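Everything below concerns the one structure shown next.
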Amino acid sequence: MSSKNKTISEKTTDLTKLVEWFDGEDFSLEEALDKYKEAEKLATEIEQDLKSLKNDIQIVKQKFDTEN
Amino acid sequence: MEKSLNPLIFSVGDFIAVVNQTFEYAYPIVQIEGEVASFKVNQGKYVFFDLKDSEGSINCFMTVWQLRVPIEDGMKVIISATPKITQWGKFSLTVKSIRPSGEGAIKKSFEVLKAKLEAEGLFAPERKRLLPQIPQRIAVISSTQAAGYADFIKILNDRWGGVGVNVAHVQVQGEGAPDQIIRAINYFNQQELLPEVLVIIRGGGSADDLATFNDEPLVRAIAGSRIPTLVGVGHEVDITLADLVADVRAATPSNAAQILVPDKAESIRLIRYQLSSLLPKILQLIDQKKQSIGGMINQIISTIEDAIDDQSRTVASLKSVLSQLNPNVVLARGYAIVRGLQAVGETIEVETSENIMKAEVKDVVKK
């Protein structure tokens, strides 16, 4: 599944699962290299996201000084 | 001329109305500081008390719904009120708002309300909800002109990215502040897509400035929020009732940002560390596999060697038995083989280990 549209939080969760896989019962040496490459790619994406993504700050138009 | 000097004659009701109009024109709203005496609530709706100092005393009236903080006799307060003469000619102040004044009164009011809300369980740890680990949508209630808000946004931007932040700009001190904050809380709680966290922040200030966050309806609104709340008001040493009722309390607005999102530099370090630990792990596992396979091969070799040893022992044993059955071995022990008919007068052949002899049978006796 492509990680392009995922949030940083979702990507971080995916990366954590991948890292946990290496300590889990499903671990197999045959799959390890592919999983490692996947984790490396995801980590690079997260790093880039963290460096480039800005917070979107919006001031609510509604006024609160009187009852609406 | 004489007629024009005649004083105007009012009816009693008209005169009271004229005096009240004069008051309304001269003092539409007046703020007075004094000490509360004879405080009482009638029918659970109407509040009466006297406001006094060493020079005098005035009757005051207000509704119970306008009471935002606990008031007791002896407490020093500031009221906002309109002066009025009742239809019975009694002068009184219709109070619009009342707040404790001076450190002692503010502290007393704080303690009374704190005890009341605590007894209701509003500060109980089991009510506290967890904040999401990395929220995507947050709502902030603050004054966008306040230094505390600027600190919060700076730390938030420094630490993390990709968060949608909706900010409700409100007054964070003064008479109207609690109601504005309550309206903002209600606004966010009525959103179709609820924010994941509701952050209420304000920088440091005097006890009077922070009194907004000890307002009973505001504290109850925070307690009733469907959205988990994070409150960071004042400096580390300032504790308001809003702090106590919040799901999570931050010491300062900057601390609120630190609680809300992780530090991206720290996260990148952690990710790199996790990745760097994977390759040695794979190599270690390959070594373990190699050792495991080596062990299995040794086991197989050992099993084969054991089987060969068993077979060798069996063959040696058989050879030993066979050697005992060899006729030459029997002859060597002194026995002889006799061939021929065993009858008197017959010639037989006798074989020993060293000789083969011919002999005649002289006698045969049955055993």
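Residue names in the structure tokens use chain letters A, B, ... in the order shown, residue numbers from 1 in each chain, and ligand numbers from 1 in the order shown.
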Interface residues on chain B facing chain A, 6 Å, only C-alpha atoms, written as JSON, numbers by chain: {"B": [161, 162, 163, 164, 165, 166, 167, 168, 180]}
With C-alpha atoms retained, write the just-selected residues as a CSV table (one decimal), in the first residue's frame.
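Below you can see selection-v4.csv, which holds the result:
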```csv
chain,number,residue,atom,x,y,z
B,161,GLY,CA,4.4,19.7,11.3
B,162,GLY,CA,1.3,18.8,9.6
B,163,VAL,CA,-1.1,19.7,12.4
B,164,GLY,CA,-4.3,21.6,11.6
B,165,VAL,CA,-4.8,24.3,14.2
B,166,ASN,CA,-8.0,26.2,14.6
B,167,VAL,CA,-7.7,29.2,16.9
B,168,ALA,CA,-10.5,31.0,18.6
B,180,GLN,CA,-16.0,34.3,25.6
```
Within 10 Å of Trp88 (chain B) using only C-alpha atoms, minus same-chain residues under 3 positions, as a PyMOL selection string: chain B and resi 12-13+16+85+91
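Minimum distance to Ile182 (chain B) across B:Ser317, B:Thr82, B:Thr212, B:Asn328 (counting only C-alpha atoms) occurs at B:Thr212.
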Distance of CA of Glu35 (chain B) from CA of Ile79 (chain B), expressed in Å to one decimal place: 10.3 Å
Backbone DSSP call of alpha helix (DSSP H) for region 51-249 of chain B, listed as a tab-separated table (two decimals) with N, CA and C atoms, in the first residue's frame:
```
chain	number	residue	atom	x	y	z
B	102	GLY	N	-8.46	41.79	45.88
B	102	GLY	CA	-7.39	41.64	46.86
B	102	GLY	C	-7.05	40.17	47.03
B	103	GLU	N	-5.78	39.95	47.39
B	103	GLU	CA	-5.25	38.58	47.46
B	103	GLU	C	-6.06	37.68	48.39
B	104	GLY	N	-6.40	38.19	49.57
B	104	GLY	CA	-7.11	37.39	50.57
B	104	GLY	C	-8.46	36.92	50.06
B	105	ALA	N	-9.23	37.83	49.45
B	105	ALA	CA	-10.57	37.49	48.98
B	105	ALA	C	-10.52	36.54	47.79
B	106	ILE	N	-9.57	36.78	46.89
B	106	ILE	CA	-9.42	35.90	45.72
B	106	ILE	C	-9.08	34.49	46.17
B	107	LYS	N	-8.16	34.41	47.15
B	107	LYS	CA	-7.73	33.09	47.65
B	107	LYS	C	-8.89	32.39	48.36
B	108	LYS	N	-9.63	33.15	49.14
B	108	LYS	CA	-10.75	32.57	49.88
B	108	LYS	C	-11.80	32.02	48.91
B	109	SER	N	-12.13	32.83	47.89
B	109	SER	CA	-13.12	32.43	46.90
B	109	SER	C	-12.65	31.19	46.15
B	110	PHE	N	-11.35	31.18	45.81
B	110	PHE	CA	-10.75	30.04	45.12
B	110	PHE	C	-10.90	28.76	45.95
B	111	GLU	N	-10.58	28.87	47.24
B	111	GLU	CA	-10.62	27.68	48.11
B	111	GLU	C	-12.04	27.16	48.28
B	112	VAL	N	-13.00	28.08	48.42
B	112	VAL	CA	-14.39	27.66	48.61
B	112	VAL	C	-14.89	26.92	47.37
B	113	LEU	N	-14.61	27.51	46.18
B	113	LEU	CA	-15.08	26.89	44.93
B	113	LEU	C	-14.35	25.57	44.67
B	114	LYS	N	-13.07	25.58	45.00
B	114	LYS	CA	-12.27	24.35	44.79
B	114	LYS	C	-12.85	23.20	45.62
B	115	ALA	N	-13.17	23.50	46.88
B	115	ALA	CA	-13.72	22.46	47.76
B	115	ALA	C	-15.06	21.95	47.22
B	116	LYS	N	-15.86	22.88	46.71
B	116	LYS	CA	-17.18	22.51	46.18
B	116	LYS	C	-17.04	21.59	44.95
B	117	LEU	N	-16.19	22.00	44.02
B	117	LEU	CA	-16.03	21.22	42.78
B	117	LEU	C	-15.33	19.89	43.05
B	118	GLU	N	-14.42	19.92	44.02
B	118	GLU	CA	-13.72	18.69	44.38
B	118	GLU	C	-14.72	17.68	44.95
B	119	ALA	N	-15.64	18.18	45.78
B	119	ALA	CA	-16.66	17.31	46.38
B	119	ALA	C	-17.56	16.71	45.30
B	147	ALA	N	1.37	37.04	24.53
B	147	ALA	CA	2.71	36.45	24.40
B	147	ALA	C	2.64	34.93	24.58
B	148	GLY	N	1.76	34.47	25.45
B	148	GLY	CA	1.62	33.04	25.71
B	148	GLY	C	1.21	32.28	24.45
B	149	TYR	N	0.32	32.89	23.67
B	149	TYR	CA	-0.12	32.27	22.41
B	149	TYR	C	1.05	32.20	21.43
B	150	ALA	N	1.80	33.30	21.33
B	150	ALA	CA	2.95	33.33	20.41
B	150	ALA	C	3.97	32.25	20.80
B	151	ASP	N	4.21	32.10	22.10
B	151	ASP	CA	5.14	31.06	22.58
B	151	ASP	C	4.64	29.67	22.17
B	152	PHE	N	3.35	29.45	22.36
B	152	PHE	CA	2.76	28.15	22.05
B	152	PHE	C	2.95	27.81	20.57
B	153	ILE	N	2.60	28.77	19.70
B	153	ILE	CA	2.68	28.52	18.25
B	153	ILE	C	4.14	28.30	17.83
B	154	LYS	N	5.05	29.08	18.42
B	154	LYS	CA	6.47	28.94	18.05
B	154	LYS	C	6.98	27.53	18.41
B	155	ILE	N	6.69	27.12	19.63
B	155	ILE	CA	7.17	25.80	20.07
B	155	ILE	C	6.50	24.70	19.24
B	156	LEU	N	5.20	24.87	18.97
B	156	LEU	CA	4.48	23.87	18.16
B	156	LEU	C	5.13	23.73	16.79
B	157	ASN	N	5.41	24.86	16.14
B	157	ASN	CA	6.02	24.84	14.80
B	157	ASN	C	7.44	24.30	14.83
B	158	ASP	N	8.17	24.62	15.90
B	158	ASP	CA	9.54	24.11	16.01
B	158	ASP	C	9.56	22.59	16.18
B	159	ARG	N	8.56	22.09	16.89
B	159	ARG	CA	8.60	20.67	17.26
B	159	ARG	C	8.00	19.73	16.22
B	177	ALA	N	-14.24	37.80	29.82
B	177	ALA	CA	-13.39	36.70	29.37
B	177	ALA	C	-14.00	35.31	29.59
B	178	PRO	N	-14.51	34.99	30.79
B	178	PRO	CA	-15.03	33.63	30.99
B	178	PRO	C	-16.12	33.27	29.98
B	179	ASP	N	-17.05	34.21	29.74
B	179	ASP	CA	-18.14	33.90	28.80
B	179	ASP	C	-17.61	33.70	27.38
B	180	GLN	N	-16.62	34.48	26.99
B	180	GLN	CA	-16.05	34.32	25.65
B	180	GLN	C	-15.40	32.94	25.51
B	181	ILE	N	-14.67	32.56	26.55
B	181	ILE	CA	-13.99	31.25	26.49
B	181	ILE	C	-15.04	30.12	26.48
B	182	ILE	N	-16.11	30.29	27.27
B	182	ILE	CA	-17.18	29.28	27.28
B	182	ILE	C	-17.80	29.16	25.89
B	183	ARG	N	-18.05	30.30	25.24
B	183	ARG	CA	-18.64	30.27	23.88
B	183	ARG	C	-17.69	29.55	22.91
B	184	ALA	N	-16.41	29.81	23.06
B	184	ALA	CA	-15.43	29.16	22.17
B	184	ALA	C	-15.40	27.64	22.43
B	185	ILE	N	-15.48	27.26	23.71
B	185	ILE	CA	-15.52	25.81	24.05
B	185	ILE	C	-16.75	25.18	23.39
B	186	ASN	N	-17.89	25.85	23.53
B	186	ASN	CA	-19.13	25.32	22.94
B	186	ASN	C	-19.03	25.26	21.42
B	187	TYR	N	-18.42	26.29	20.83
B	187	TYR	CA	-18.26	26.34	19.37
B	187	TYR	C	-17.51	25.09	18.88
B	188	PHE	N	-16.37	24.81	19.52
B	188	PHE	CA	-15.57	23.67	19.06
B	188	PHE	C	-16.28	22.34	19.36
B	189	ASN	N	-17.01	22.30	20.48
B	189	ASN	CA	-17.71	21.06	20.83
B	189	ASN	C	-18.90	20.78	19.93
B	207	ALA	N	-2.87	37.60	40.06
B	207	ALA	CA	-3.95	36.73	40.53
B	207	ALA	C	-5.29	37.22	39.99
B	208	ASP	N	-5.44	38.53	39.89
B	208	ASP	CA	-6.68	39.11	39.38
B	208	ASP	C	-6.85	38.78	37.89
B	209	ASP	N	-5.73	38.84	37.12
B	209	ASP	CA	-5.77	38.52	35.69
B	209	ASP	C	-6.19	37.06	35.48
B	210	LEU	N	-5.63	36.20	36.33
B	210	LEU	CA	-5.88	34.76	36.15
B	210	LEU	C	-7.21	34.33	36.76
B	216	GLU	N	-16.60	29.72	37.90
B	216	GLU	CA	-17.30	28.43	38.03
B	216	GLU	C	-17.92	27.94	36.73
B	217	PRO	N	-18.70	28.78	36.00
B	217	PRO	CA	-19.26	28.27	34.74
B	217	PRO	C	-18.18	27.85	33.74
B	218	LEU	N	-17.05	28.57	33.73
B	218	LEU	CA	-15.97	28.20	32.80
B	218	LEU	C	-15.37	26.84	33.20
B	219	VAL	N	-15.15	26.67	34.49
B	219	VAL	CA	-14.58	25.41	34.96
B	219	VAL	C	-15.52	24.25	34.60
B	220	ARG	N	-16.82	24.49	34.75
B	220	ARG	CA	-17.80	23.44	34.42
B	220	ARG	C	-17.84	23.19	32.91
B	221	ALA	N	-17.65	24.23	32.12
B	221	ALA	CA	-17.65	24.06	30.66
B	221	ALA	C	-16.45	23.22	30.23
B	222	ILE	N	-15.31	23.44	30.88
B	222	ILE	CA	-14.12	22.63	30.55
B	222	ILE	C	-14.38	21.17	30.95
B	223	ALA	N	-14.97	21.00	32.12
B	223	ALA	CA	-15.27	19.64	32.60
B	223	ALA	C	-16.25	18.94	31.64
B	241	LEU	N	-8.39	26.74	38.79
B	241	LEU	CA	-9.35	25.63	38.79
B	241	LEU	C	-9.49	25.04	37.39
B	242	ALA	N	-9.27	25.88	36.36
B	242	ALA	CA	-9.29	25.37	34.98
B	242	ALA	C	-8.18	24.34	34.79
B	243	ASP	N	-7.01	24.60	35.41
B	243	ASP	CA	-5.91	23.63	35.34
B	243	ASP	C	-6.33	22.31	35.98
B	244	LEU	N	-6.97	22.43	37.14
B	244	LEU	CA	-7.31	21.23	37.92
B	244	LEU	C	-8.37	20.37	37.22
B	245	VAL	N	-9.28	21.03	36.50
B	245	VAL	CA	-10.37	20.27	35.89
B	245	VAL	C	-9.98	19.71	34.51
```
Could you make a table, as a Markdown table, of the residues of region 170-219 of chain B that have an atom within 9 Å of an atom of region 230-235 of chain B, each with its nearest atom pair and distance in Å to one decimal, counting only C-alpha atoms, in chain and number order?
```
| residue | atom | partner | partner_atom | distance |
| --- | --- | --- | --- | --- |
| B:Val197 | CA | B:Leu230 | CA | 7.1 |
| B:Leu198 | CA | B:Leu230 | CA | 6.1 |
| B:Val199 | CA | B:Leu230 | CA | 4.8 |
| B:Ile200 | CA | B:Val231 | CA | 4.8 |
| B:Ile201 | CA | B:Gly232 | CA | 4.8 |
| B:Arg202 | CA | B:Val233 | CA | 4.7 |
| B:Gly203 | CA | B:Gly234 | CA | 4.6 |
| B:Gly204 | CA | B:Gly234 | CA | 3.7 |
| B:Gly205 | CA | B:Gly234 | CA | 6.3 |
| B:Ser206 | CA | B:Gly234 | CA | 8.9 |
| B:Leu210 | CA | B:Gly234 | CA | 7.2 |
| B:Phe213 | CA | B:Val233 | CA | 8.1 |
```
All strand (DSSP E) positions in region 202-271 of chain B, as a ChimeraX atom specification: /B:202,229-233,248-250
Just-selected residues, N, CA and C atoms written as a compact mmCIF listing (two decimals), in the first residue's frame:
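Once everything was written out, this is out36.txt:
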```txt
# COMPACT_ATOMS: atom_id res chain seq x y z
N ARG B 202 -2.98 30.76 28.22
CA ARG B 202 -2.82 32.16 28.57
C ARG B 202 -1.50 32.29 29.31
N THR B 229 -9.21 17.98 27.02
CA THR B 229 -8.72 19.34 27.22
C THR B 229 -7.29 19.37 27.75
N LEU B 230 -6.56 20.37 27.28
CA LEU B 230 -5.20 20.64 27.76
C LEU B 230 -5.18 22.12 28.12
N VAL B 231 -4.92 22.40 29.39
CA VAL B 231 -4.96 23.80 29.84
C VAL B 231 -3.57 24.21 30.32
N GLY B 232 -3.09 25.31 29.76
CA GLY B 232 -1.79 25.86 30.17
C GLY B 232 -1.97 27.34 30.46
N VAL B 233 -2.13 27.67 31.72
CA VAL B 233 -2.43 29.05 32.10
C VAL B 233 -1.38 29.55 33.09
N VAL B 248 -5.50 17.31 30.99
CA VAL B 248 -4.05 17.40 31.18
C VAL B 248 -3.71 18.86 31.49
N ARG B 249 -2.86 19.07 32.48
CA ARG B 249 -2.44 20.42 32.83
C ARG B 249 -1.02 20.66 32.33
N ALA B 250 -0.84 21.79 31.66
CA ALA B 250 0.50 22.20 31.26
C ALA B 250 0.92 23.34 32.17
```
